[in-house]
$ cat input-v8.tsv   # TSV, C-alpha atoms and all ligand atoms
chain	number	residue	atom	x	y	z
A	10	MET	CA	0.00	0.00	0.00
A	11	ASP	CA	1.46	3.38	-0.94
A	12	SER	CA	-1.64	5.51	-0.49
A	13	LEU	CA	-4.68	5.76	1.76
A	14	GLU	CA	-7.71	7.96	2.35
A	15	ILE	CA	-8.80	9.05	5.80
A	16	LYS	CA	-11.59	11.27	7.13
A	17	ALA	CA	-10.97	14.09	9.59
A	18	PRO	CA	-14.15	15.04	11.46
A	19	ALA	CA	-14.93	18.43	13.05
A	20	LYS	CA	-15.71	18.84	16.76
A	21	ILE	CA	-18.03	21.03	18.77
A	22	ASN	CA	-17.66	22.19	22.35
A	23	TRP	CA	-20.84	21.40	24.30
A	24	GLY	CA	-19.33	23.51	27.06
A	25	LEU	CA	-16.03	25.25	27.70
A	26	GLU	CA	-14.70	26.61	30.98
A	27	ILE	CA	-11.38	28.32	31.52
A	28	VAL	CA	-10.09	27.30	34.91
A	29	GLY	CA	-6.59	28.84	34.95
A	30	LYS	CA	-3.51	29.80	33.02
A	31	ARG	CA	-0.11	28.12	32.87
A	32	GLU	CA	3.12	30.06	33.27
A	33	ASP	CA	3.84	29.61	29.56
A	34	GLY	CA	0.57	31.41	28.74
A	35	TYR	CA	-1.54	28.36	27.85
A	36	HIS	CA	-5.07	28.54	29.24
A	37	LEU	CA	-6.26	25.60	31.28
A	38	LEU	CA	-9.65	24.31	30.20
A	39	ARG	CA	-12.44	21.96	31.12
A	40	SER	CA	-14.40	21.29	27.99
A	41	LEU	CA	-16.91	18.70	26.89
A	42	MET	CA	-16.19	18.04	23.23
A	43	GLN	CA	-17.82	15.81	20.65
A	44	THR	CA	-17.07	14.72	17.11
A	45	VAL	CA	-19.67	15.55	14.45
A	46	ASP	CA	-20.06	14.04	10.99
A	47	LEU	CA	-18.76	17.01	8.98
A	48	CYS	CA	-15.39	15.80	7.68
A	49	ASP	CA	-12.39	16.88	5.66
A	50	VAL	CA	-11.09	14.06	3.47
A	51	LEU	CA	-7.34	13.44	3.28
A	52	ARG	CA	-5.33	11.29	0.90
A	53	LEU	CA	-1.81	10.38	2.00
A	54	THR	CA	0.55	9.08	-0.67
A	55	LEU	CA	4.20	8.07	-0.37
A	56	ALA	CA	6.09	10.55	-2.56
A	57	GLU	CA	9.50	11.95	-3.51
A	58	LYS	CA	9.16	14.99	-1.27
A	59	ASP	CA	6.88	16.31	1.49
A	60	GLU	CA	4.04	18.39	0.13
A	61	CYS	CA	0.56	19.45	1.20
A	62	ARG	CA	-2.19	20.47	-1.23
A	63	CYS	CA	-5.41	21.83	0.15
A	64	SER	CA	-8.57	22.35	-1.88
A	65	PRO	CA	-9.83	25.03	-1.56
A	66	PRO	CA	-6.53	26.58	-0.45
A	67	LEU	CA	-6.22	27.97	3.09
A	68	PRO	CA	-5.68	31.65	3.76
A	69	ASP	CA	-1.92	32.01	3.50
A	70	ASP	CA	-1.07	32.30	7.18
A	71	GLY	CA	1.50	29.64	7.86
A	72	PRO	CA	2.27	26.00	7.24
A	73	ASN	CA	-0.61	23.58	7.10
A	74	LEU	CA	-1.11	21.79	10.42
A	75	ALA	CA	-1.42	18.51	8.53
A	76	LEU	CA	2.11	18.92	7.18
A	77	ARG	CA	3.38	20.04	10.59
A	78	ALA	CA	1.93	16.88	12.13
A	79	TRP	CA	3.69	14.71	9.55
A	80	GLN	CA	6.97	16.53	10.12
A	81	ALA	CA	6.62	16.15	13.90
A	82	LEU	CA	6.02	12.40	13.48
A	83	LYS	CA	8.94	12.12	11.08
A	84	ALA	CA	11.32	13.90	13.47
A	85	GLU	CA	10.11	11.90	16.46
A	86	ARG	CA	10.55	8.51	14.77
A	87	GLY	CA	13.52	9.38	12.55
A	88	LEU	CA	11.52	8.46	9.42
A	89	THR	CA	13.03	8.89	5.96
A	90	GLN	CA	9.90	8.56	3.80
A	91	SER	CA	8.15	11.56	2.25
A	92	LEU	CA	4.44	12.18	1.96
A	93	LEU	CA	2.06	13.98	-0.37
A	94	ILE	CA	-0.94	15.11	1.72
A	95	GLU	CA	-4.05	16.11	-0.26
A	96	ILE	CA	-6.88	17.70	1.72
A	97	GLU	CA	-10.42	18.16	0.50
A	98	LYS	CA	-11.46	20.90	2.91
A	99	LYS	CA	-15.11	20.79	4.03
A	100	ILE	CA	-14.76	22.05	7.62
A	101	PRO	CA	-14.99	25.87	7.82
A	102	VAL	CA	-11.56	27.36	8.63
A	103	ALA	CA	-10.81	29.37	11.79
A	104	ALA	CA	-14.35	28.64	12.95
A	105	GLY	CA	-13.93	26.87	16.30
A	106	LEU	CA	-14.55	23.44	14.75
A	107	GLY	CA	-10.97	22.25	15.16
A	108	GLY	CA	-10.46	21.68	11.43
A	109	GLY	CA	-6.69	22.11	11.46
A	110	SER	CA	-6.34	19.84	14.48
A	111	ALA	CA	-8.63	17.27	12.85
A	112	ASP	CA	-6.40	17.21	9.76
A	113	ALA	CA	-3.26	16.93	11.92
A	114	ALA	CA	-4.78	14.02	13.87
A	115	ALA	CA	-5.87	12.30	10.65
A	116	VAL	CA	-2.31	12.55	9.27
A	117	LEU	CA	-0.89	11.01	12.45
A	118	ARG	CA	-3.41	8.13	12.36
A	119	GLY	CA	-3.12	7.69	8.60
A	120	ALA	CA	0.69	7.81	8.47
A	121	ASP	CA	0.88	5.37	11.38
A	122	ARG	CA	-1.30	2.96	9.39
A	123	LEU	CA	0.35	3.59	5.99
A	124	LEU	CA	3.85	3.00	7.35
A	125	GLY	CA	2.83	0.20	9.74
A	126	LEU	CA	4.34	2.01	12.72
A	127	GLY	CA	1.87	0.64	15.29
A	128	LEU	CA	2.30	3.59	17.65
A	129	PRO	CA	-0.01	3.58	20.68
A	130	LEU	CA	-2.62	6.34	20.95
A	131	ASP	CA	-0.75	7.95	23.88
A	132	ARG	CA	2.38	8.41	21.76
A	133	LEU	CA	0.39	9.89	18.88
A	134	CYS	CA	-1.28	12.27	21.38
A	135	ASP	CA	2.12	13.42	22.72
A	136	ILE	CA	3.27	14.17	19.17
A	137	GLY	CA	-0.09	15.77	18.31
A	138	MET	CA	0.05	18.07	21.33
A	139	LYS	CA	3.17	19.66	19.82
A	140	VAL	CA	1.08	20.65	16.81
A	141	GLY	CA	-2.13	21.86	18.45
A	142	ALA	CA	-4.04	21.72	21.71
A	143	ASP	CA	-7.11	20.04	20.13
A	144	VAL	CA	-5.12	17.30	18.38
A	145	PRO	CA	-5.23	14.79	21.29
A	146	PHE	CA	-9.03	15.08	21.36
A	147	CYS	CA	-9.18	14.68	17.59
A	148	LEU	CA	-7.10	11.51	17.87
A	149	HIS	CA	-9.65	10.04	20.32
A	150	GLY	CA	-12.88	11.33	18.72
A	151	GLY	CA	-16.38	10.66	20.03
A	152	LEU	CA	-17.45	12.36	23.26
A	153	ALA	CA	-14.79	13.32	25.80
A	154	LEU	CA	-13.95	15.59	28.68
A	155	VAL	CA	-10.85	17.57	27.74
A	156	GLU	CA	-8.74	19.17	30.46
A	157	GLY	CA	-5.41	20.88	31.06
A	158	ALA	CA	-4.16	22.62	27.95
A	159	GLY	CA	-5.87	19.89	25.90
A	160	GLU	CA	-3.58	16.99	26.75
A	161	ARG	CA	-5.92	15.28	29.25
A	162	VAL	CA	-8.67	13.50	27.35
A	163	THR	CA	-11.21	11.33	29.18
A	164	PRO	CA	-13.35	9.43	26.65
A	165	LEU	CA	-17.03	9.01	27.52
A	166	ALA	CA	-19.46	6.44	26.14
A	167	ALA	CA	-21.95	8.51	24.12
A	168	GLU	CA	-25.24	6.69	23.74
A	169	CYS	CA	-27.37	9.56	22.42
A	170	GLU	CA	-27.07	11.12	18.99
A	171	TYR	CA	-27.91	14.77	18.47
A	172	ASP	CA	-28.98	16.62	15.35
A	173	LEU	CA	-27.42	20.04	15.14
A	174	ILE	CA	-26.96	22.86	12.72
A	175	LEU	CA	-23.61	24.58	12.47
A	176	VAL	CA	-24.17	28.19	11.49
A	177	ASP	CA	-21.10	29.68	9.89
A	178	PRO	CA	-21.32	33.44	9.44
A	179	ALA	CA	-17.97	33.25	7.58
A	180	ILE	CA	-16.18	35.57	9.99
A	181	PRO	CA	-12.65	34.21	10.41
A	182	VAL	CA	-12.02	34.42	14.13
A	183	SER	CA	-8.58	34.76	15.70
A	184	THR	CA	-8.44	32.34	18.62
A	185	ALA	CA	-5.47	34.27	20.07
A	186	LYS	CA	-7.45	37.54	20.05
A	187	VAL	CA	-10.44	35.91	21.75
A	188	TYR	CA	-8.23	34.52	24.54
A	189	ALA	CA	-6.57	37.95	24.89
A	190	ALA	CA	-10.03	39.56	25.21
A	191	PHE	CA	-10.90	36.95	27.86
A	192	ASP	CA	-7.72	37.80	29.79
A	193	LYS	CA	-8.59	41.51	29.75
A	194	ALA	CA	-12.01	40.93	31.26
A	195	PRO	CA	-12.18	37.36	32.56
A	196	GLU	CA	-15.64	35.89	32.59
A	197	ASP	CA	-16.31	34.64	36.10
A	198	ALA	CA	-19.53	32.76	35.48
A	199	PRO	CA	-18.38	29.18	35.13
A	200	GLY	CA	-20.91	26.58	34.10
A	201	ASN	CA	-21.14	23.10	35.49
A	202	ILE	CA	-19.34	20.80	33.09
A	203	ASP	CA	-20.11	17.75	35.24
A	204	ALA	CA	-23.86	18.46	35.15
A	205	LEU	CA	-23.59	19.23	31.42
A	206	THR	CA	-21.83	15.90	30.87
A	207	ARG	CA	-24.64	14.04	32.68
A	208	ALA	CA	-27.21	15.89	30.55
A	209	VAL	CA	-25.44	15.08	27.25
A	210	LEU	CA	-25.03	11.44	28.29
A	211	SER	CA	-28.70	11.10	29.24
A	212	GLY	CA	-30.18	13.04	26.31
A	213	ASP	CA	-31.84	15.67	28.53
A	214	LYS	CA	-31.99	18.74	26.26
A	215	SER	CA	-33.40	21.13	28.85
A	216	GLU	CA	-30.52	20.25	31.20
A	217	ILE	CA	-28.07	20.72	28.30
A	218	ARG	CA	-29.55	24.19	27.80
A	219	ARG	CA	-29.25	24.90	31.54
A	220	HIS	CA	-25.62	23.88	31.91
A	221	SER	CA	-24.01	24.62	28.56
A	222	VAL	CA	-21.66	27.58	28.97
A	223	ASN	CA	-18.81	28.76	26.79
A	224	MET	CA	-16.60	31.21	28.67
A	225	LEU	CA	-15.06	32.41	25.38
A	226	GLU	CA	-18.45	33.49	24.06
A	227	GLU	CA	-18.67	36.97	25.64
A	228	PRO	CA	-15.06	37.90	24.72
A	229	ALA	CA	-15.71	36.71	21.15
A	230	PHE	CA	-18.98	38.69	21.02
A	231	ARG	CA	-17.16	41.82	22.19
A	232	LEU	CA	-14.66	41.46	19.35
A	233	TYR	CA	-17.06	40.33	16.62
A	234	ARG	CA	-20.51	41.85	17.22
A	235	ARG	CA	-22.11	39.93	14.39
A	236	LEU	CA	-21.50	36.68	16.27
A	237	ARG	CA	-23.85	37.74	19.07
A	238	GLU	CA	-26.61	38.39	16.53
A	239	VAL	CA	-26.08	34.95	15.00
A	240	GLN	CA	-26.11	33.23	18.41
A	241	GLU	CA	-29.28	35.07	19.42
A	242	ALA	CA	-30.99	34.18	16.15
A	243	CYS	CA	-30.05	30.52	16.67
A	244	ALA	CA	-31.18	30.56	20.31
A	245	ASP	CA	-34.61	31.84	19.12
A	246	THR	CA	-35.15	28.82	16.93
A	247	SER	CA	-33.47	26.01	18.86
A	248	ALA	CA	-33.33	24.36	22.27
A	249	CYS	CA	-29.78	25.56	22.86
A	250	ALA	CA	-27.16	27.42	20.82
A	251	HIS	CA	-23.58	28.41	21.59
A	252	LEU	CA	-20.36	29.36	19.95
A	253	SER	CA	-18.10	26.39	19.30
A	254	GLY	CA	-14.67	27.00	20.86
A	255	SER	CA	-13.63	30.57	20.11
A	256	GLY	CA	-16.08	30.75	17.17
A	257	GLY	CA	-17.22	31.95	14.72
A	258	VAL	CA	-19.46	28.89	14.13
A	259	VAL	CA	-22.54	28.67	16.34
A	260	TRP	CA	-24.00	25.21	16.94
A	261	ALA	CA	-27.73	24.91	17.56
A	262	LEU	CA	-29.46	21.83	18.91
A	263	CYS	CA	-32.48	20.65	16.88
A	264	PRO	CA	-35.21	18.10	17.74
A	265	ASN	CA	-34.48	15.87	14.72
A	266	ARG	CA	-32.82	15.77	11.30
A	267	GLN	CA	-35.84	17.06	9.39
A	268	LEU	CA	-36.29	20.09	11.65
A	269	ALA	CA	-32.52	20.67	11.51
A	270	GLN	CA	-32.77	20.86	7.70
A	271	MET	CA	-35.70	23.29	7.92
A	272	THR	CA	-33.92	25.45	10.51
A	273	ALA	CA	-30.76	25.45	8.40
A	274	ARG	CA	-32.74	26.71	5.38
A	275	ALA	CA	-34.36	29.47	7.46
A	276	MET	CA	-31.04	30.48	9.01
A	277	SER	CA	-29.31	30.57	5.59
A	278	ILE	CA	-31.89	33.12	4.42
A	279	ARG	CA	-31.40	35.23	7.58
A	280	LEU	CA	-27.60	35.07	7.36
A	281	HIS	CA	-27.16	36.74	3.93
A	282	SER	CA	-23.61	35.33	3.78
A	283	GLY	CA	-21.96	32.23	5.16
A	284	ALA	CA	-23.43	28.75	5.34
A	285	CYS	CA	-25.38	26.31	7.51
A	286	HIS	CA	-24.39	22.67	7.88
A	287	VAL	CA	-26.74	19.97	9.15
A	288	VAL	CA	-24.72	17.52	11.24
A	289	ARG	CA	-25.12	14.69	13.73
A	290	THR	CA	-22.91	13.94	16.70
A	291	THR	CA	-21.00	10.67	16.58
A	292	ASP	CA	-19.61	8.39	19.27
A	293	ARG	CA	-16.37	7.53	17.45
A	294	LEU	CA	-14.02	8.49	14.64
A	295	PRO	CA	-15.13	7.49	11.13
A	296	GLU	CA	-13.55	4.31	9.71
B	301	LIG	P1	-8.10	26.86	16.83
B	301	LIG	O1	-9.19	27.18	17.80
B	301	LIG	O2	-7.32	25.63	17.19
B	301	LIG	O3	-7.26	28.04	16.42
B	301	LIG	P2	-10.16	26.57	14.81
B	301	LIG	O4	-10.93	25.35	14.99
B	301	LIG	O5	-10.87	27.84	15.22
B	301	LIG	O6	-8.78	26.40	15.51
B	301	LIG	P3	-8.91	25.96	12.29
B	301	LIG	O7	-9.82	25.71	11.14
B	301	LIG	O8	-8.18	24.83	12.88
B	301	LIG	O9	-9.74	26.79	13.33
B	301	LIG	O10	-7.87	27.11	11.81
B	301	LIG	C1	-7.02	27.76	12.71
B	301	LIG	C2	-5.83	28.32	11.94
B	301	LIG	O11	-5.02	27.25	11.47
B	301	LIG	C3	-6.19	29.14	10.71
B	301	LIG	O12	-5.42	30.31	10.78
B	301	LIG	C4	-5.78	28.27	9.54
B	301	LIG	O13	-5.35	29.01	8.42
B	301	LIG	C5	-4.63	27.45	10.12
B	301	LIG	N1	-4.52	26.08	9.51
B	301	LIG	C6	-3.38	25.43	9.25
B	301	LIG	N2	-3.63	24.22	8.74
B	301	LIG	C7	-4.95	24.07	8.66
B	301	LIG	C8	-5.81	23.03	8.20
B	301	LIG	N3	-5.35	21.87	7.72
B	301	LIG	N4	-7.15	23.23	8.27
B	301	LIG	C9	-7.63	24.40	8.78
B	301	LIG	N5	-6.87	25.41	9.23
B	301	LIG	C10	-5.53	25.26	9.17
$ encode --input "input-v8.tsv" --output "structure tokens" --more "lines below"
Ligand code: ATP
Amino acid sequence: MDSLEIKAPAKINWGLEIVGKREDGYHLLRSLMQTVDLCDVLRLTLAEKDECRCSPPLPDDGPNLALRAWQALKAERGLTQSLLIEIEKKIPVAAGLGGGSADAAAVLRGADRLLGLGLPLDRLCDIGMKVGADVPFCLHGGLALVEGAGERVTPLAAECEYDLILVDPAIPVSTAKVYAAFDKAPEDAPGNIDALTRAVLSGDKSEIRRHSVNMLEEPAFRLYRRLREVQEACADTSACAHLSGSGGVVWALCPNRQLAQMTARAMSIRLHSGACHVVRTTDRLPE
């Protein structure tokens, strides 16, 4: 085998609390995250030289995280092979859906399989953490409590599936700026991630609404006013709606797939620009 295809799914944050800051500046989190079925598709092919092609191309703001993950794995294991990484990008970029981390995690899993390395998940997570804080979660997938700077992932057995819409107002959000805005005026209204976790596990949507809090939401709304309007519009039409991560995508919980499709159509008309995606939560990574 000299080539393989692998899917890289997006994530949402059901809830996100900031519980501290490390000396090196990393924020310490408690976040309940879950994989959804909106995926980038990657093809990894053994090649003459390392190269990453992304379609459509990313805004030109640095090396692709997928390539950085491959180079981190290569350095760590002293590998001599080279890889062509082709990414069909479906996950909105800089949107709080962890798309770059998902691609990085998919490269680590895919390259491990392609080259028959047989590295344990813990090792892949250590390498992934050097590339991005969400990569360890993306290597696990499903539903998990994520703590520390992202390196502590506790997988949870998700028995309920949820239909959601992801409303993307197409405002590229700078995660660094949102954290800086949080630091200037720290939100001191933590939610209850443990109660939220129980609600998500049991399928109790009114309890999800009660306990879902994203402490990055207010700082993001202060920086990007349009995001507040989008969140409020979503909250009007759904059981619960919040920014995912640092935004700008807002997820909104819907009663079922059909109503999710109807809500997505209505929201697309209200949005004027951007897009709505109908997704379902999943309990594992795609095959
Ligand atoms: P984070 O909160 O980790 O910053 P995000 O989920 O909000 O991430 P991403 O789509 O991962 O957003 O993009 C974050 C940044 O990473 C963008 O500036 C983007 O250009 C860059 N990036 C590098 N590689 C990728 C990739 N493969 N997919 C998406 N973005 C990438």
$ closest_atom_pairs --input "input-v8.tsv" --of "chain A" --to "ligand LIG 301 (chain B)" --cutoff "9 Å" --atoms "all atoms listed in the file" --output "CSV"
residue,atom,partner,partner_atom,distance
A:Ala19,CA,B:LIG301,O4,8.2
A:Lys20,CA,B:LIG301,O4,8.3
A:Asp49,CA,B:LIG301,N4,8.6
A:Cys63,CA,B:LIG301,N3,7.6
A:Leu67,CA,B:LIG301,O13,5.5
A:Pro68,CA,B:LIG301,O13,5.4
A:Asp69,CA,B:LIG301,O13,6.7
A:Asp70,CA,B:LIG301,O13,5.5
A:Gly71,CA,B:LIG301,C6,6.6
A:Pro72,CA,B:LIG301,C6,6.0
A:Asn73,CA,B:LIG301,N2,3.5
A:Leu74,CA,B:LIG301,N2,3.9
A:Ala75,CA,B:LIG301,N3,5.2
A:Leu76,CA,B:LIG301,N2,8.0
A:Arg77,CA,B:LIG301,N2,8.4
A:Ile96,CA,B:LIG301,N3,7.5
A:Lys98,CA,B:LIG301,N4,7.3
A:Ile100,CA,B:LIG301,O7,7.1
A:Pro101,CA,B:LIG301,O7,6.1
A:Val102,CA,B:LIG301,O7,3.5
A:Ala103,CA,B:LIG301,O9,3.2
A:Ala104,CA,B:LIG301,O5,4.2
A:Gly105,CA,B:LIG301,O5,3.4
A:Leu106,CA,B:LIG301,O4,4.1
A:Gly107,CA,B:LIG301,O4,3.1
A:Gly108,CA,B:LIG301,O7,4.1
A:Gly109,CA,B:LIG301,O8,3.4
A:Ser110,CA,B:LIG301,O8,5.6
A:Ala111,CA,B:LIG301,O8,7.6
A:Asp112,CA,B:LIG301,N3,5.2
A:Ala113,CA,B:LIG301,N3,6.8
A:Gly141,CA,B:LIG301,O2,6.5
A:Ala142,CA,B:LIG301,O2,6.8
A:Asp143,CA,B:LIG301,O2,6.3
A:Val144,CA,B:LIG301,O2,8.7
A:Pro181,CA,B:LIG301,O5,8.2
A:Val182,CA,B:LIG301,O5,6.8
A:Ser183,CA,B:LIG301,O3,6.9
A:Thr184,CA,B:LIG301,O3,5.0
A:Ala185,CA,B:LIG301,O3,7.4
A:Ser253,CA,B:LIG301,O5,8.4
A:Gly254,CA,B:LIG301,O1,6.3
A:Ser255,CA,B:LIG301,O1,6.0
A:Gly256,CA,B:LIG301,O5,6.3
A:Gly257,CA,B:LIG301,O5,7.6
A:Val258,CA,B:LIG301,O5,8.7
$ residues_around --input "input-v8.tsv" --residues "Gln43 in chain A" --least-positions-apart "6" --cutoff "7 Å" --atoms "only C-alpha atoms" --output "ChimeraX atom specification"
/A:20-22,150-153,290
$ residues_around --input "input-v8.tsv" --residues "Cys243 in chain A" --least-positions-apart "2" --cutoff "12 Å" --atoms "all atoms listed in the file" --output "PyMOL selection string"
chain A and resi 173-178+236-241+245-252+258-263+269+272-273+275-277+279-280+285
$ atom_distance --input "input-v8.tsv" --atom1 "CA of Cys147 in chain A" --atom2 "CA of Lys99 in chain A"
16.0 Å
$ atom_distance --input "input-v8.tsv" --atom1 "CA of Ser91 in chain A" --atom2 "CA of Gly159 in chain A"
28.7 Å
$ closest_residue --input "input-v8.tsv" --among "A:Pro295, A:Asp203, A:Glu95, A:Asp46" --to "Pro66 in chain A" --atoms "all atoms listed in the file"
A:Glu95
$ residues_around --input "input-v8.tsv" --residues "Gly119 in chain A" --least-positions-apart "4" --cutoff "8 Å" --atoms "only C-alpha atoms" --output "list in words"
Leu13, Glu14, Ile15, Leu53, Ala115 and Leu123 of chain A
$ residues_around --input "input-v8.tsv" --residues "Arg266 in chain A" --least-positions-apart "3" --cutoff "9 Å" --atoms "only C-alpha atoms" --output "list in words"
Tyr171, Asp172, Leu173, Cys263, Ala269, Gln270, Met271, Val287, Val288 and Arg289 of chain A
$ closest_residue --input "input-v8.tsv" --among "A:Ala208, A:Leu130, A:Ala189, A:Ala244" --to "Leu148 in chain A" --atoms "all atoms listed in the file"
A:Leu130
$ atom_distance --input "input-v8.tsv" --atom1 "CA of Lys139 in chain A" --atom2 "CA of Gly157 in chain A"
14.2 Å
$ residues_around --input "input-v8.tsv" --residues "Leu232 in chain A" --least-positions-apart "5" --cutoff "9 Å" --atoms "only C-alpha atoms" --output "PyMOL selection string"
chain A and resi 186-187+190+227
$ closest_residue --input "input-v8.tsv" --among "A:His286, A:Val28, A:Glu168, A:Arg86" --to "Val209 in chain A" --atoms "all atoms listed in the file"
A:Glu168
$ closest_residue --input "input-v8.tsv" --among "A:Arg234, A:Glu296, A:Gly29, A:Gly200" --to "Arg218 in chain A" --atoms "all atoms listed in the file"
A:Gly200
$ residues_near_point --input "input-v8.tsv" --point "(-2.4, 15.2, 20.5)" --cutoff "6 Å" --atoms "all atoms listed in the file" --output "ChimeraX atom specification"
/A:134-138,144-145
$ decode --input "input-v8.tsv" --residues "range 105-112 of chain A" --atoms "all heavy atoms" --output "compact mmCIF listing (two decimals), in the first residue's frame"
# COMPACT_ATOMS: atom_id res chain seq x y z
N GLY A 105 -13.67 27.50 15.00
CA GLY A 105 -13.93 26.87 16.30
C GLY A 105 -14.33 25.40 16.18
O GLY A 105 -14.75 24.78 17.15
N LEU A 106 -14.18 24.85 14.98
CA LEU A 106 -14.55 23.44 14.75
C LEU A 106 -13.34 22.52 14.75
O LEU A 106 -13.47 21.32 14.47
CB LEU A 106 -15.32 23.31 13.43
CG LEU A 106 -16.65 24.07 13.36
CD1 LEU A 106 -17.27 23.93 11.97
CD2 LEU A 106 -17.63 23.56 14.41
N GLY A 107 -12.17 23.08 15.03
CA GLY A 107 -10.97 22.25 15.16
C GLY A 107 -10.51 21.63 13.85
O GLY A 107 -9.89 20.55 13.87
N GLY A 108 -10.78 22.28 12.73
CA GLY A 108 -10.46 21.68 11.43
C GLY A 108 -8.98 21.39 11.23
O GLY A 108 -8.61 20.31 10.73
N GLY A 109 -8.13 22.33 11.62
CA GLY A 109 -6.69 22.11 11.46
C GLY A 109 -6.22 20.96 12.34
O GLY A 109 -5.43 20.11 11.91
N SER A 110 -6.72 20.93 13.56
CA SER A 110 -6.34 19.84 14.48
C SER A 110 -6.87 18.50 13.97
O SER A 110 -6.19 17.47 14.11
CB SER A 110 -6.92 20.10 15.88
OG SER A 110 -6.42 21.30 16.39
N ALA A 111 -8.06 18.52 13.40
CA ALA A 111 -8.63 17.27 12.85
C ALA A 111 -7.74 16.74 11.73
O ALA A 111 -7.46 15.53 11.66
CB ALA A 111 -10.04 17.54 12.33
N ASP A 112 -7.28 17.64 10.86
CA ASP A 112 -6.40 17.21 9.76
C ASP A 112 -5.07 16.68 10.30
O ASP A 112 -4.55 15.66 9.82
CB ASP A 112 -6.14 18.37 8.79
CG ASP A 112 -7.40 18.81 8.05
OD1 ASP A 112 -8.40 18.08 8.09
OD2 ASP A 112 -7.36 19.89 7.43
